[in-house]
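**Q** Here you go, one structure.
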Amino acid sequence: MKILTFVRNVAWPRDVHLRVLIVVFAVVLVVLSAWEGQTFLRADNFSSMALQISDLGVLSLAMTLAMILAGIDLSVVAVANLSSIIAAMVMRSCSSAGLADGLTTVVGILVALVVGTVAGTINGFLIGTLRVPPILATLATMTLWGGVATVLTNGVSISGGTNALQAIGTQAIAGIPITVLILIGCIVGVWIFLNHTPLGVKTYLLGANSRAALFSGVNNGRVTLAVYGTSGMLASIAGIINLARTSSANPSYGASYILLTILIAVLGGVSVSGGAGRVAGVILALASLQMLSTGFNMILVNNGDSNFFKNFAWGLLLLLVVSTSRLSFRRFARSRRGRIRPTDSGAPEPEARS
Amino acid sequence: MTESFQRVGLRRAMRSQEIIIALVIVVLSAVITAINPAFLSLSNVFDIVRLATVSGILALGVLLVLISGGVDVSFPAIADTAVFIGATILVAAHFNGSGIVLYLVALPFGIFMGLINGFFISRFRVPTLIVTLGTSSLYYGAELYFFGGVSIFKLPSGTVDLSNASLLTVRTASGVGTASLNPSVLILLALAVVISLVLNKTTLGRSIYALGDNRAVAERSGVRVARVQYFVYGLVGALAAVAGVTNASLYRNANPISLQGTELAVIAAVVLGGTLITGGKGTVTGTLLGVLLICIVENSLVLVGVPTTWQNVAVGVVLLIGTTVPAIRALRRRRLVGGV
């Protein structure tokens with residue numbers, strides 16, 4: 001019985017937004033299989049789709065953390081680029097100094113992680129301690145880190161990376177690409193952080209109501225530092241994935257990813273006003289978007305530029321998902337006359353602003 | 001008595017973001033001029049004005065949205081799409097007359113796209129940032145997929161004339177060429193006056209402030225929120241269309257993604273001018289000063305001998321200071337009154 005309930009909860013959860021997402025996911029899957037089954041339903045297609053989303057997925061997780069905290073992190077892509085650029089430079093000088101390939105890789109990865117964490121912590125300091133609005137603080141650091149990256153590289157792409165790092169970018173373990181395993185590791189890590197640590201509980205509380213959090217003894221400044229620090233670290237992991245896959249780093253990589261990560265988080269049910277959002281939703285949104293994107297490429301291959309149609313469809317999808325989940329939430333709230341259980345409030349509250 | 005009043009008034013003025021940013025502009029200009037006197041040459045000043053015109057018009061729209069308590073990131077998409085559709089229509093009609101016609105053709109499309117934003121925001125109460133992210137992707141996608149992604153260079157002759165028109169032509173100091181002031185700056189100034197009047201002298205304008213300051217209170221004091229939101233987002237659409245056409249006229253072509261990626265910089269300029277991102281506070285003067293400061297920083301690095309690769313570092317530092325200082329001052333004020 002317990003297993004049955006579990007399966008029921010996974011396939012048809014109580015969260016209204018997750019239900020909408022599962023329907024979207026299933027419809028996309030069925031339509032694409034019916035339309036282009038022979039090419040779409042192949043194992044290598046799925047593995048290539050998974051490969052494409054690994055860095056975007058990690059960035060979306062970083063954005064999710066900031067948004068649950070009622071903030072936003074516009075600097076994720078800039079931090080990812082800055083850390084991969086610095087890592088590439090450090091690795092280049094390490095290997096020219098005659099350091100072993102493996103050791104150079106470890107040093108490079110550590111440097112990237114430190115850069116990301118420091119950059120994230122600076123965001124956390126601006127937002128949590130100095131109380132700069134998150135959108136402004138991260139806008140400023142986004143511009144600043146982007147600028148520093150441009151100065152370091154003179155605005156052009158720099159090559160870098162070691163054999164070991166290249167292996168991470170291209171090899172697979174048991175048929176699963178290593179970068180996808182890194183994404184899965186990050187997903188599990190963020191899930192544990194949010195659901196099974198005291199810091200995670202405080203993150204939701206602070207995101208939902210910072211004053212209430214303060215009065216219940218949460219050190220708001222410290223939680224903000226930790227969450228944005230983690231967000232920065234995740235961004236640098238995305239940078240490492242990109243460096244491993246392409247063996248190069250450049251300051252303008254992934255400019256469109258900022259809006260895309262927000263889109264994925266919101267599609268996944270993360271409330272912009274904070275306090276709500278689940279890792280499962282974000283992953284479903286990520287997978288749906290990538291399937292749609294691959295599907296469009298297949299269907300529209302002879303029909304104009306599918307990338308443009310993708311933007312059109314993504315925008316439409318975002319508006320549809322957000323407005324339908326609002327509607328169903330409102331109907332739900334009306335039918336119960338305010339008796340809303342906290343477990344059901346996956347959809348953002350109707351008074352949310354900006 | 002009067003003396004102390006004056007002192008209080010002076011202190012209050014010193015606290016206002018507009019005065020501070022004006023002082024920053026003056027000091028910065030003085031420093032740049034000291035390093036390179038070419039900064040104050042008329043041709044350079046006209047360049048900066050030209051640079052600031054399109055951003056300035058866009059910034060007026062952003063100001064309205066921020067005051068109303070929202071955030072709009074779709075205005076570059078509206079601007080580019082409106083002018084691109086307008087230019088496509090005029091080319092198809094083989095129109096080759098006055099430059100004003102492109103404004104008139106693009107305007108309805110801009111307003112329409114703005115009203116779509118207003119619809120989702122007021123009808124479904126979806127957060128404004130999310131709606132405009134969605135519509136931004138939607139408008140750009142529709143424009144590029146259905147209307148094609150190639151710049152239109154065959155603009156009507158009247159539109160091309162606007163880029164060469166001059167309000168004031170002066171011989172440059174070196175005597176080699178002439179510097180001219182493009183009349184498009186008049187559009188910006190006229191719009192600034194109109195928006196300022198709307199915000200300060202009409203009930204509708206005060207409703208926008210009320211809505212941004214506290215939605216619940218505004219609702220209970222009789223502000224029709226949906227109507228105000230339709231007005232704000234429709235007007236932003238109109239301003240975006242005007243900015244788009246001005247941009248296309250100045251560059252003599254309708255590039256479908258000309259303004260893509262400028263949204264955050266424009267928002268930053270408006271915020272530098274003292275507008276609260278949380279709504280309820282902001283002025284036209286502050287906004288224009290914010291735009292001017294960003295344009296000066298972007299334009300003058302080369303003049304003082306800094307390589308252009310440092311441009312974003314400089315803008316980033318300005319933004320960091322511009323957003324952190326008010327936050328720290330607000331923090332101090334809160335500590336003084338003992339709040340949290």
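Each chain of the structure tokens is named A, B, ... in the order shown, its residues numbered from 1; ligands are numbered from 1 in display order.
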From the DSSP assignment of the backbone, select every residue of stretch 194-323 of chain A that is helix (DSSP H, G or I), and format the answer as an MDAnalysis selection string.
**A** chainID A and resid 194:196 198:208 210:215 220:246 257:267 279:299 306:323
**Q** Could you name the residues that touch stretch 42-58 of chain A at 6 Å or less, counting only C-alpha atoms, but leaving out those on the same chain fewer than 3 positions away, as a VMD selection string?
**A** chain A and resid 39 61 180 183 238
**Q** What residues in chain A have any atom no more than 9 Å from chain B when counting only C-alpha atoms, and can you write them as a short mmCIF file (atom, residue, chain, number, x, y, z; two decimals) with all heavy atoms, in the first residue's frame?
**A**
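Saved as result.cif:
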data_model
loop_
_atom_site.label_atom_id
_atom_site.label_comp_id
_atom_site.auth_asym_id
_atom_site.auth_seq_id
_atom_site.Cartn_x
_atom_site.Cartn_y
_atom_site.Cartn_z
N LEU A 126 25.79 41.87 0.10
CA LEU A 126 25.07 43.06 -0.36
C LEU A 126 23.58 42.95 0.00
O LEU A 126 22.97 43.91 0.44
CB LEU A 126 25.22 43.21 -1.88
CG LEU A 126 26.60 43.57 -2.40
CD1 LEU A 126 26.63 43.47 -3.92
CD2 LEU A 126 26.95 44.98 -1.97
N LEU A 130 23.71 44.51 3.75
CA LEU A 130 23.50 45.91 3.38
C LEU A 130 22.08 46.18 2.90
O LEU A 130 21.70 47.32 2.65
CB LEU A 130 24.50 46.33 2.31
CG LEU A 130 25.97 46.22 2.69
CD1 LEU A 130 26.85 46.75 1.57
CD2 LEU A 130 26.25 46.97 3.97
N ARG A 131 21.28 45.11 2.73
CA ARG A 131 19.87 45.23 2.33
C ARG A 131 19.67 45.91 0.98
O ARG A 131 18.75 46.70 0.80
CB ARG A 131 19.08 45.99 3.39
CG ARG A 131 19.18 45.40 4.77
CD ARG A 131 18.09 44.39 5.00
NE ARG A 131 18.08 43.96 6.39
CZ ARG A 131 17.27 44.49 7.29
NH1 ARG A 131 16.44 45.42 6.97
NH2 ARG A 131 17.31 44.05 8.54
N VAL A 132 20.57 45.65 0.05
CA VAL A 132 20.34 46.11 -1.31
C VAL A 132 19.31 45.16 -1.93
O VAL A 132 19.43 43.94 -1.74
CB VAL A 132 21.64 46.06 -2.15
CG1 VAL A 132 21.40 46.58 -3.55
CG2 VAL A 132 22.72 46.86 -1.46
N PRO A 133 18.29 45.66 -2.65
CA PRO A 133 17.33 44.75 -3.27
C PRO A 133 18.06 43.74 -4.17
O PRO A 133 18.96 44.14 -4.92
CB PRO A 133 16.44 45.68 -4.10
CG PRO A 133 16.55 47.00 -3.44
CD PRO A 133 17.93 47.06 -2.86
N ILE A 135 17.52 42.18 -6.93
CA ILE A 135 17.59 42.37 -8.39
C ILE A 135 18.67 43.41 -8.72
O ILE A 135 19.39 43.28 -9.71
CB ILE A 135 16.20 42.76 -8.96
CG1 ILE A 135 16.22 42.76 -10.48
CG2 ILE A 135 15.73 44.09 -8.44
CD1 ILE A 135 14.85 42.95 -11.10
N LEU A 136 18.82 44.42 -7.84
CA LEU A 136 19.82 45.46 -8.10
C LEU A 136 21.22 44.99 -7.76
O LEU A 136 22.18 45.22 -8.51
CB LEU A 136 19.50 46.72 -7.31
CG LEU A 136 18.18 47.37 -7.66
CD1 LEU A 136 17.96 48.59 -6.80
CD2 LEU A 136 18.18 47.73 -9.12
N ALA A 137 21.36 44.33 -6.62
CA ALA A 137 22.68 43.86 -6.20
C ALA A 137 23.26 42.93 -7.25
O ALA A 137 24.43 43.07 -7.67
CB ALA A 137 22.58 43.16 -4.85
N LEU A 139 22.31 42.60 -10.35
CA LEU A 139 22.50 43.31 -11.62
C LEU A 139 23.87 43.98 -11.64
O LEU A 139 24.62 43.91 -12.62
CB LEU A 139 21.39 44.35 -11.79
CG LEU A 139 21.48 45.29 -12.99
CD1 LEU A 139 21.38 44.50 -14.27
CD2 LEU A 139 20.38 46.32 -12.94
N ALA A 140 24.20 44.62 -10.50
CA ALA A 140 25.50 45.30 -10.42
C ALA A 140 26.64 44.29 -10.50
O ALA A 140 27.60 44.49 -11.25
CB ALA A 140 25.58 46.11 -9.14
N THR A 141 26.55 43.19 -9.73
CA THR A 141 27.66 42.23 -9.76
C THR A 141 27.72 41.53 -11.11
O THR A 141 28.80 41.20 -11.59
CB THR A 141 27.55 41.20 -8.62
OG1 THR A 141 26.26 40.59 -8.66
CG2 THR A 141 27.76 41.83 -7.28
N MET A 142 26.55 41.31 -11.74
CA MET A 142 26.55 40.71 -13.07
C MET A 142 27.38 41.57 -14.03
O MET A 142 28.26 41.07 -14.74
CB MET A 142 25.13 40.59 -13.60
CG MET A 142 25.02 40.14 -15.03
SD MET A 142 23.34 40.24 -15.65
CE MET A 142 23.36 41.85 -16.42
N THR A 143 27.12 42.88 -14.02
CA THR A 143 27.85 43.79 -14.90
C THR A 143 29.33 43.80 -14.54
O THR A 143 30.20 43.74 -15.41
CB THR A 143 27.28 45.21 -14.78
OG1 THR A 143 25.86 45.13 -14.76
CG2 THR A 143 27.70 46.07 -15.93
N LEU A 144 29.61 43.83 -13.22
CA LEU A 144 30.99 43.92 -12.77
C LEU A 144 31.78 42.67 -13.15
O LEU A 144 32.86 42.76 -13.75
CB LEU A 144 31.00 44.11 -11.24
CG LEU A 144 32.36 44.35 -10.61
CD1 LEU A 144 32.98 45.63 -11.14
CD2 LEU A 144 32.23 44.43 -9.09
N TRP A 145 31.24 41.47 -12.83
CA TRP A 145 31.98 40.23 -13.14
C TRP A 145 32.10 40.04 -14.65
O TRP A 145 33.11 39.56 -15.14
CB TRP A 145 31.33 39.01 -12.50
CG TRP A 145 31.22 39.08 -11.01
CD1 TRP A 145 30.16 38.66 -10.26
CD2 TRP A 145 32.18 39.59 -10.06
NE1 TRP A 145 30.38 38.90 -8.93
CE2 TRP A 145 31.60 39.46 -8.78
CE3 TRP A 145 33.44 40.15 -10.17
CZ2 TRP A 145 32.26 39.86 -7.62
CZ3 TRP A 145 34.09 40.57 -9.02
CH2 TRP A 145 33.50 40.41 -7.78
N GLY A 146 31.04 40.41 -15.37
CA GLY A 146 31.12 40.34 -16.83
C GLY A 146 32.25 41.23 -17.33
O GLY A 146 33.02 40.86 -18.21
N GLY A 147 32.36 42.43 -16.72
CA GLY A 147 33.42 43.35 -17.09
C GLY A 147 34.79 42.81 -16.76
O GLY A 147 35.71 42.88 -17.58
N VAL A 148 34.94 42.24 -15.56
CA VAL A 148 36.22 41.67 -15.17
C VAL A 148 36.61 40.54 -16.13
O VAL A 148 37.77 40.43 -16.57
CB VAL A 148 36.17 41.14 -13.71
CG1 VAL A 148 37.44 40.37 -13.38
CG2 VAL A 148 35.98 42.29 -12.75
N THR A 150 35.74 40.26 -19.21
CA THR A 150 36.16 40.87 -20.48
C THR A 150 37.58 41.39 -20.39
O THR A 150 38.38 41.23 -21.32
CB THR A 150 35.21 42.03 -20.85
OG1 THR A 150 33.87 41.58 -20.70
CG2 THR A 150 35.42 42.48 -22.27
N VAL A 151 37.91 42.03 -19.26
CA VAL A 151 39.25 42.56 -19.10
C VAL A 151 40.28 41.42 -19.10
O VAL A 151 41.33 41.51 -19.75
CB VAL A 151 39.36 43.38 -17.80
CG1 VAL A 151 40.80 43.75 -17.50
CG2 VAL A 151 38.52 44.64 -17.91
N ASN A 154 40.31 39.98 -22.72
CA ASN A 154 40.24 40.94 -23.82
C ASN A 154 39.02 40.73 -24.67
O ASN A 154 39.00 41.08 -25.85
CB ASN A 154 41.49 40.85 -24.70
CG ASN A 154 42.42 41.99 -24.38
OD1 ASN A 154 41.96 43.09 -24.10
ND2 ASN A 154 43.70 41.72 -24.41
N GLY A 155 38.01 40.09 -24.11
CA GLY A 155 36.74 39.94 -24.80
C GLY A 155 36.68 38.78 -25.77
O GLY A 155 35.66 38.55 -26.40
N ARG A 211 10.30 38.98 8.23
CA ARG A 211 10.08 39.50 9.58
C ARG A 211 9.76 38.36 10.55
O ARG A 211 10.32 38.27 11.64
CB ARG A 211 8.95 40.51 9.56
CG ARG A 211 8.78 41.28 10.82
CD ARG A 211 7.89 42.46 10.60
NE ARG A 211 8.55 43.45 9.75
CZ ARG A 211 8.61 44.75 10.07
NH1 ARG A 211 8.06 45.18 11.17
NH2 ARG A 211 9.21 45.59 9.28
N LEU A 214 12.84 36.51 11.32
CA LEU A 214 13.69 37.23 12.27
C LEU A 214 13.19 37.02 13.70
O LEU A 214 13.95 36.72 14.61
CB LEU A 214 13.69 38.71 11.92
CG LEU A 214 14.68 39.58 12.69
CD1 LEU A 214 16.08 39.28 12.20
CD2 LEU A 214 14.35 41.05 12.51
N ALA A 255 24.60 34.24 -22.64
CA ALA A 255 23.92 35.46 -22.21
C ALA A 255 22.41 35.26 -22.09
O ALA A 255 21.77 35.81 -21.20
CB ALA A 255 24.22 36.60 -23.17
N SER A 256 21.86 34.42 -22.97
CA SER A 256 20.40 34.23 -22.95
C SER A 256 19.98 33.30 -21.82
O SER A 256 18.80 33.12 -21.56
CB SER A 256 19.94 33.64 -24.28
OG SER A 256 20.53 32.37 -24.46
N LEU A 259 17.65 34.72 -18.55
CA LEU A 259 16.20 34.72 -18.61
C LEU A 259 15.68 33.29 -18.66
O LEU A 259 14.64 32.98 -18.08
CB LEU A 259 15.72 35.51 -19.82
CG LEU A 259 16.14 36.98 -19.82
CD1 LEU A 259 15.41 37.74 -20.91
CD2 LEU A 259 15.88 37.65 -18.48
N ILE A 262 15.40 31.80 -15.18
CA ILE A 262 14.24 32.32 -14.46
C ILE A 262 12.98 31.64 -14.98
O ILE A 262 12.10 31.21 -14.21
CB ILE A 262 14.13 33.85 -14.62
CG1 ILE A 262 15.39 34.52 -14.09
CG2 ILE A 262 12.91 34.39 -13.91
CD1 ILE A 262 15.42 36.01 -14.31
N LEU A 263 12.92 31.52 -16.31
CA LEU A 263 11.76 30.88 -16.93
C LEU A 263 11.58 29.45 -16.41
O LEU A 263 10.49 29.03 -16.04
CB LEU A 263 11.97 30.88 -18.43
CG LEU A 263 10.80 30.61 -19.35
CD1 LEU A 263 11.02 31.37 -20.65
CD2 LEU A 263 10.65 29.16 -19.69
N VAL A 266 10.41 29.46 -12.75
CA VAL A 266 9.01 29.85 -12.61
C VAL A 266 8.08 28.78 -13.17
O VAL A 266 7.07 28.43 -12.56
CB VAL A 266 8.77 31.20 -13.31
CG1 VAL A 266 7.29 31.52 -13.35
CG2 VAL A 266 9.50 32.28 -12.58
N VAL A 272 7.99 33.72 -7.25
CA VAL A 272 8.88 34.87 -7.35
C VAL A 272 8.86 35.65 -6.05
O VAL A 272 9.81 36.34 -5.70
CB VAL A 272 8.44 35.81 -8.48
CG1 VAL A 272 9.56 36.74 -8.84
CG2 VAL A 272 8.01 35.03 -9.66
N SER A 273 7.75 35.56 -5.32
CA SER A 273 7.68 36.30 -4.06
C SER A 273 8.30 35.49 -2.92
O SER A 273 8.28 35.92 -1.78
CB SER A 273 6.24 36.66 -3.76
OG SER A 273 5.41 35.57 -4.02
N GLY A 304 12.02 27.40 -41.64
CA GLY A 304 12.47 28.62 -40.95
C GLY A 304 13.34 28.27 -39.76
O GLY A 304 13.63 27.11 -39.51
N ASP A 305 13.72 29.31 -39.02
CA ASP A 305 14.63 29.09 -37.92
C ASP A 305 13.89 28.65 -36.67
O ASP A 305 13.13 29.41 -36.09
CB ASP A 305 15.42 30.37 -37.63
CG ASP A 305 16.66 30.07 -36.82
OD1 ASP A 305 16.58 29.18 -35.95
OD2 ASP A 305 17.69 30.70 -37.06
N SER A 306 14.10 27.39 -36.26
CA SER A 306 13.31 26.86 -35.15
C SER A 306 13.66 27.56 -33.83
O SER A 306 12.86 27.59 -32.91
CB SER A 306 13.52 25.37 -35.02
OG SER A 306 14.88 25.10 -34.77
N ASN A 307 14.89 28.14 -33.72
CA ASN A 307 15.25 28.82 -32.48
C ASN A 307 14.29 29.96 -32.18
O ASN A 307 13.93 30.19 -31.04
CB ASN A 307 16.66 29.38 -32.58
CG ASN A 307 17.69 28.31 -32.29
OD1 ASN A 307 17.46 27.46 -31.44
ND2 ASN A 307 18.79 28.34 -33.00
N PHE A 308 13.89 30.67 -33.24
CA PHE A 308 12.97 31.79 -33.06
C PHE A 308 11.61 31.29 -32.62
O PHE A 308 10.97 31.86 -31.75
CB PHE A 308 12.86 32.61 -34.34
CG PHE A 308 14.17 33.19 -34.79
CD1 PHE A 308 14.42 33.43 -36.12
CD2 PHE A 308 15.15 33.50 -33.86
CE1 PHE A 308 15.63 33.96 -36.53
CE2 PHE A 308 16.35 34.03 -34.26
CZ PHE A 308 16.60 34.26 -35.60
N PHE A 309 11.18 30.19 -33.26
CA PHE A 309 9.89 29.64 -32.88
C PHE A 309 9.92 29.15 -31.44
O PHE A 309 8.95 29.26 -30.70
CB PHE A 309 9.51 28.48 -33.81
CG PHE A 309 8.10 28.02 -33.61
CD1 PHE A 309 7.05 28.77 -34.12
CD2 PHE A 309 7.81 26.88 -32.87
CE1 PHE A 309 5.75 28.38 -33.90
CE2 PHE A 309 6.51 26.49 -32.65
CZ PHE A 309 5.48 27.24 -33.17
N LYS A 310 11.10 28.65 -31.03
CA LYS A 310 11.27 28.19 -29.65
C LYS A 310 11.01 29.32 -28.67
O LYS A 310 10.29 29.16 -27.69
CB LYS A 310 12.71 27.70 -29.47
CG LYS A 310 12.83 26.24 -29.17
CD LYS A 310 14.29 25.90 -28.95
CE LYS A 310 14.94 25.48 -30.24
NZ LYS A 310 16.39 25.28 -30.10
N ASN A 311 11.61 30.50 -28.95
CA ASN A 311 11.38 31.64 -28.06
C ASN A 311 9.90 31.95 -27.95
O ASN A 311 9.37 32.19 -26.86
CB ASN A 311 12.10 32.89 -28.60
CG ASN A 311 13.59 32.76 -28.44
OD1 ASN A 311 14.05 31.99 -27.60
ND2 ASN A 311 14.33 33.48 -29.24
N PHE A 312 9.24 31.95 -29.11
CA PHE A 312 7.81 32.23 -29.16
C PHE A 312 7.06 31.22 -28.29
O PHE A 312 6.24 31.58 -27.44
CB PHE A 312 7.35 32.13 -30.62
CG PHE A 312 5.89 32.32 -30.84
CD1 PHE A 312 5.31 33.56 -30.70
CD2 PHE A 312 5.09 31.24 -31.18
CE1 PHE A 312 3.95 33.73 -30.90
CE2 PHE A 312 3.75 31.40 -31.39
CZ PHE A 312 3.17 32.65 -31.25
N ALA A 313 7.38 29.92 -28.48
CA ALA A 313 6.66 28.87 -27.76
C ALA A 313 6.96 28.92 -26.26
O ALA A 313 6.06 28.73 -25.44
CB ALA A 313 7.04 27.51 -28.33
N TRP A 314 8.21 29.21 -25.90
CA TRP A 314 8.57 29.26 -24.49
C TRP A 314 7.83 30.38 -23.77
O TRP A 314 7.32 30.22 -22.68
CB TRP A 314 10.07 29.42 -24.31
CG TRP A 314 10.83 28.17 -24.57
CD1 TRP A 314 10.31 26.91 -24.69
CD2 TRP A 314 12.23 28.04 -24.75
NE1 TRP A 314 11.30 26.03 -24.94
CE2 TRP A 314 12.49 26.67 -24.98
CE3 TRP A 314 13.29 28.93 -24.75
CZ2 TRP A 314 13.78 26.18 -25.19
CZ3 TRP A 314 14.58 28.44 -24.96
CH2 TRP A 314 14.81 27.09 -25.18
N GLY A 315 7.77 31.52 -24.44
CA GLY A 315 7.04 32.64 -23.86
C GLY A 315 5.59 32.29 -23.64
O GLY A 315 5.02 32.51 -22.56
N LEU A 316 4.98 31.69 -24.66
CA LEU A 316 3.58 31.29 -24.58
C LEU A 316 3.38 30.29 -23.45
O LEU A 316 2.45 30.40 -22.64
CB LEU A 316 3.17 30.68 -25.92
CG LEU A 316 1.70 30.75 -26.28
CD1 LEU A 316 1.26 32.19 -26.38
CD2 LEU A 316 1.46 30.04 -27.61
N LEU A 317 4.28 29.31 -23.38
CA LEU A 317 4.18 28.26 -22.36
C LEU A 317 4.25 28.86 -20.96
O LEU A 317 3.45 28.54 -20.08
CB LEU A 317 5.33 27.28 -22.57
CG LEU A 317 5.30 26.01 -21.72
CD1 LEU A 317 4.14 25.14 -22.15
CD2 LEU A 317 6.60 25.24 -21.87
N LEU A 318 5.20 29.79 -20.79
CA LEU A 318 5.34 30.42 -19.47
C LEU A 318 4.04 31.13 -19.08
O LEU A 318 3.52 30.94 -17.98
CB LEU A 318 6.49 31.42 -19.50
CG LEU A 318 6.74 32.22 -18.23
CD1 LEU A 318 7.16 31.31 -17.10
CD2 LEU A 318 7.78 33.29 -18.43
N LEU A 319 3.49 31.92 -20.01
CA LEU A 319 2.28 32.66 -19.70
C LEU A 319 1.12 31.71 -19.41
O LEU A 319 0.35 31.91 -18.46
CB LEU A 319 1.91 33.59 -20.87
CG LEU A 319 2.88 34.75 -21.10
CD1 LEU A 319 2.54 35.48 -22.37
CD2 LEU A 319 2.86 35.70 -19.91
N VAL A 322 1.67 29.84 -15.96
CA VAL A 322 1.51 30.72 -14.80
C VAL A 322 0.05 31.12 -14.64
O VAL A 322 -0.49 31.12 -13.55
CB VAL A 322 2.41 31.96 -14.92
CG1 VAL A 322 2.29 32.80 -13.68
CG2 VAL A 322 3.83 31.55 -15.10
N SER A 323 -0.64 31.44 -15.76
CA SER A 323 -2.02 31.88 -15.58
C SER A 323 -2.96 30.73 -15.24
O SER A 323 -3.89 30.92 -14.47
CB SER A 323 -2.52 32.70 -16.77
OG SER A 323 -1.91 32.34 -17.95
N THR A 324 -2.72 29.52 -15.78
CA THR A 324 -3.62 28.42 -15.41
C THR A 324 -3.41 28.02 -13.96
O THR A 324 -4.38 27.72 -13.26
CB THR A 324 -3.41 27.17 -16.30
OG1 THR A 324 -2.02 26.91 -16.36
CG2 THR A 324 -3.98 27.36 -17.66
N ARG A 326 -2.54 29.93 -11.59
CA ARG A 326 -3.21 30.97 -10.81
C ARG A 326 -4.69 30.69 -10.73
O ARG A 326 -5.31 30.78 -9.69
CB ARG A 326 -3.02 32.32 -11.49
CG ARG A 326 -1.66 32.87 -11.30
CD ARG A 326 -1.60 33.46 -9.93
NE ARG A 326 -0.23 33.45 -9.50
CZ ARG A 326 0.32 34.39 -8.78
NH1 ARG A 326 -0.38 35.40 -8.38
NH2 ARG A 326 1.57 34.31 -8.42
N LEU A 327 -5.30 30.39 -11.90
CA LEU A 327 -6.74 30.18 -11.93
C LEU A 327 -7.13 29.02 -11.05
O LEU A 327 -8.06 29.11 -10.25
CB LEU A 327 -7.18 29.90 -13.37
CG LEU A 327 -7.31 31.13 -14.27
CD1 LEU A 327 -7.86 30.74 -15.61
CD2 LEU A 327 -8.22 32.16 -13.61
N PRO A 350 -1.81 34.70 -4.19
CA PRO A 350 -2.32 35.64 -5.19
C PRO A 350 -1.90 37.09 -4.97
O PRO A 350 -2.01 37.88 -5.88
CB PRO A 350 -3.85 35.50 -5.06
CG PRO A 350 -4.08 34.83 -3.77
CD PRO A 350 -2.88 34.02 -3.47
N GLU A 351 -1.42 37.44 -3.79
CA GLU A 351 -1.07 38.83 -3.58
C GLU A 351 0.36 39.17 -4.01
O GLU A 351 0.84 40.26 -3.78
CB GLU A 351 -1.24 39.21 -2.09
CG GLU A 351 -2.70 39.43 -1.68
CD GLU A 351 -3.36 40.56 -2.45
OE1 GLU A 351 -2.64 41.47 -2.90
OE2 GLU A 351 -4.59 40.53 -2.61
N ALA A 352 1.02 38.20 -4.63
CA ALA A 352 2.43 38.41 -4.98
C ALA A 352 2.62 39.58 -5.92
O ALA A 352 1.76 39.88 -6.74
CB ALA A 352 2.98 37.15 -5.63
N ARG A 353 3.72 40.26 -5.75
CA ARG A 353 4.02 41.42 -6.58
C ARG A 353 5.33 41.28 -7.32
O ARG A 353 6.17 40.51 -6.92
CB ARG A 353 4.14 42.67 -5.69
CG ARG A 353 2.88 43.32 -5.36
CD ARG A 353 3.11 44.73 -4.90
NE ARG A 353 4.46 44.99 -4.40
CZ ARG A 353 4.84 46.22 -4.14
NH1 ARG A 353 4.05 47.22 -4.34
NH2 ARG A 353 6.05 46.43 -3.66
N SER A 354 5.47 42.13 -8.27
CA SER A 354 6.68 42.31 -9.09
C SER A 354 7.37 41.06 -9.53
O SER A 354 7.96 40.32 -8.86
CB SER A 354 7.69 43.23 -8.40
OG SER A 354 8.36 42.60 -7.37
#
**Q** Taking into account only C-alpha atoms, which residue in the set A:Thr138, A:Asn219, A:Thr224, A:Ser210 is nearest to A:Leu65?
**A**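 Once distances to A:Leu65 are computed over only C-alpha atoms, the minimum belongs to A:Thr224.
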**Q** Pick out the residues sitting within 9 Å of B:Gly234, and hand them over as JSON, numbers by chain; count only C-alpha atoms, and ignore anything fewer than 5 positions along from it in its own chain.
**A** {"B": [110, 111, 112, 113, 114, 115, 116, 117, 118, 229, 239]}
**Q** So how far away is atom CA of B:Val185 from atom CA of B:Val49, in Å?
**A**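 Taking atom CA of B:Val49 and atom CA of B:Val185, their separation equals 7.1 Å.
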**Q** Which one of A:Pro198, A:Val190, A:Gly232, A:Ala88 sits closest to A:Val218 if you count only C-alpha atoms?
**A**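 Among the listed residues, the smallest separation from A:Val218 belongs to A:Pro198.
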**Q** Write out as a PyMOL selection string the residues lying within 10 Å of B:Leu186, counting only C-alpha atoms and excluding same-chain residues fewer than 4 positions away.
**A** chain B and resi 53+167+182+190-192
**Q** Work out how far atom CA of B:Val105 is from atom CA of B:Leu162, in Å to one decimal.
**A**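 Interatomic distance, atom CA of B:Leu162 to atom CA of B:Val105: 16.5 Å.
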**Q** Name the residues of stretch 36-229 of chain A that fall into strand (DSSP E or B) according to DSSP on the backbone, using the chain letters and numbers of this document, as JSON, numbers by chain.
**A** {"A": [158, 159, 172, 173, 176, 177]}
**Q** To one decimal place, how far is atom CA of B:Ile296 from atom CA of A:Ile258 in Å?
**A**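 Separation between atom CA of B:Ile296 and atom CA of A:Ile258: 26.9 Å.
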**Q** Using only C-alpha atoms for the distances, tell me which of A:Val111, A:Ser252, A:Thr153, A:Lys202 is nearest to A:Arg222.
**A**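 Smallest distance to A:Arg222 is found for A:Lys202.
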**Q** So which residues touch A:Ala66 within 8 Å, counting only C-alpha atoms, skipping near sequence neighbours fewer than 5 positions away, as a ChimeraX atom specification?
**A** /A:71-73,227-228,231
**Q** Considering only C-alpha atoms, state which residue in the set B:Leu292, B:Ala254, B:Val225, B:Ala87 is at the smallest distance from B:Val266.
**A**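 Closest to B:Val266, using only C-alpha atoms: B:Leu292.
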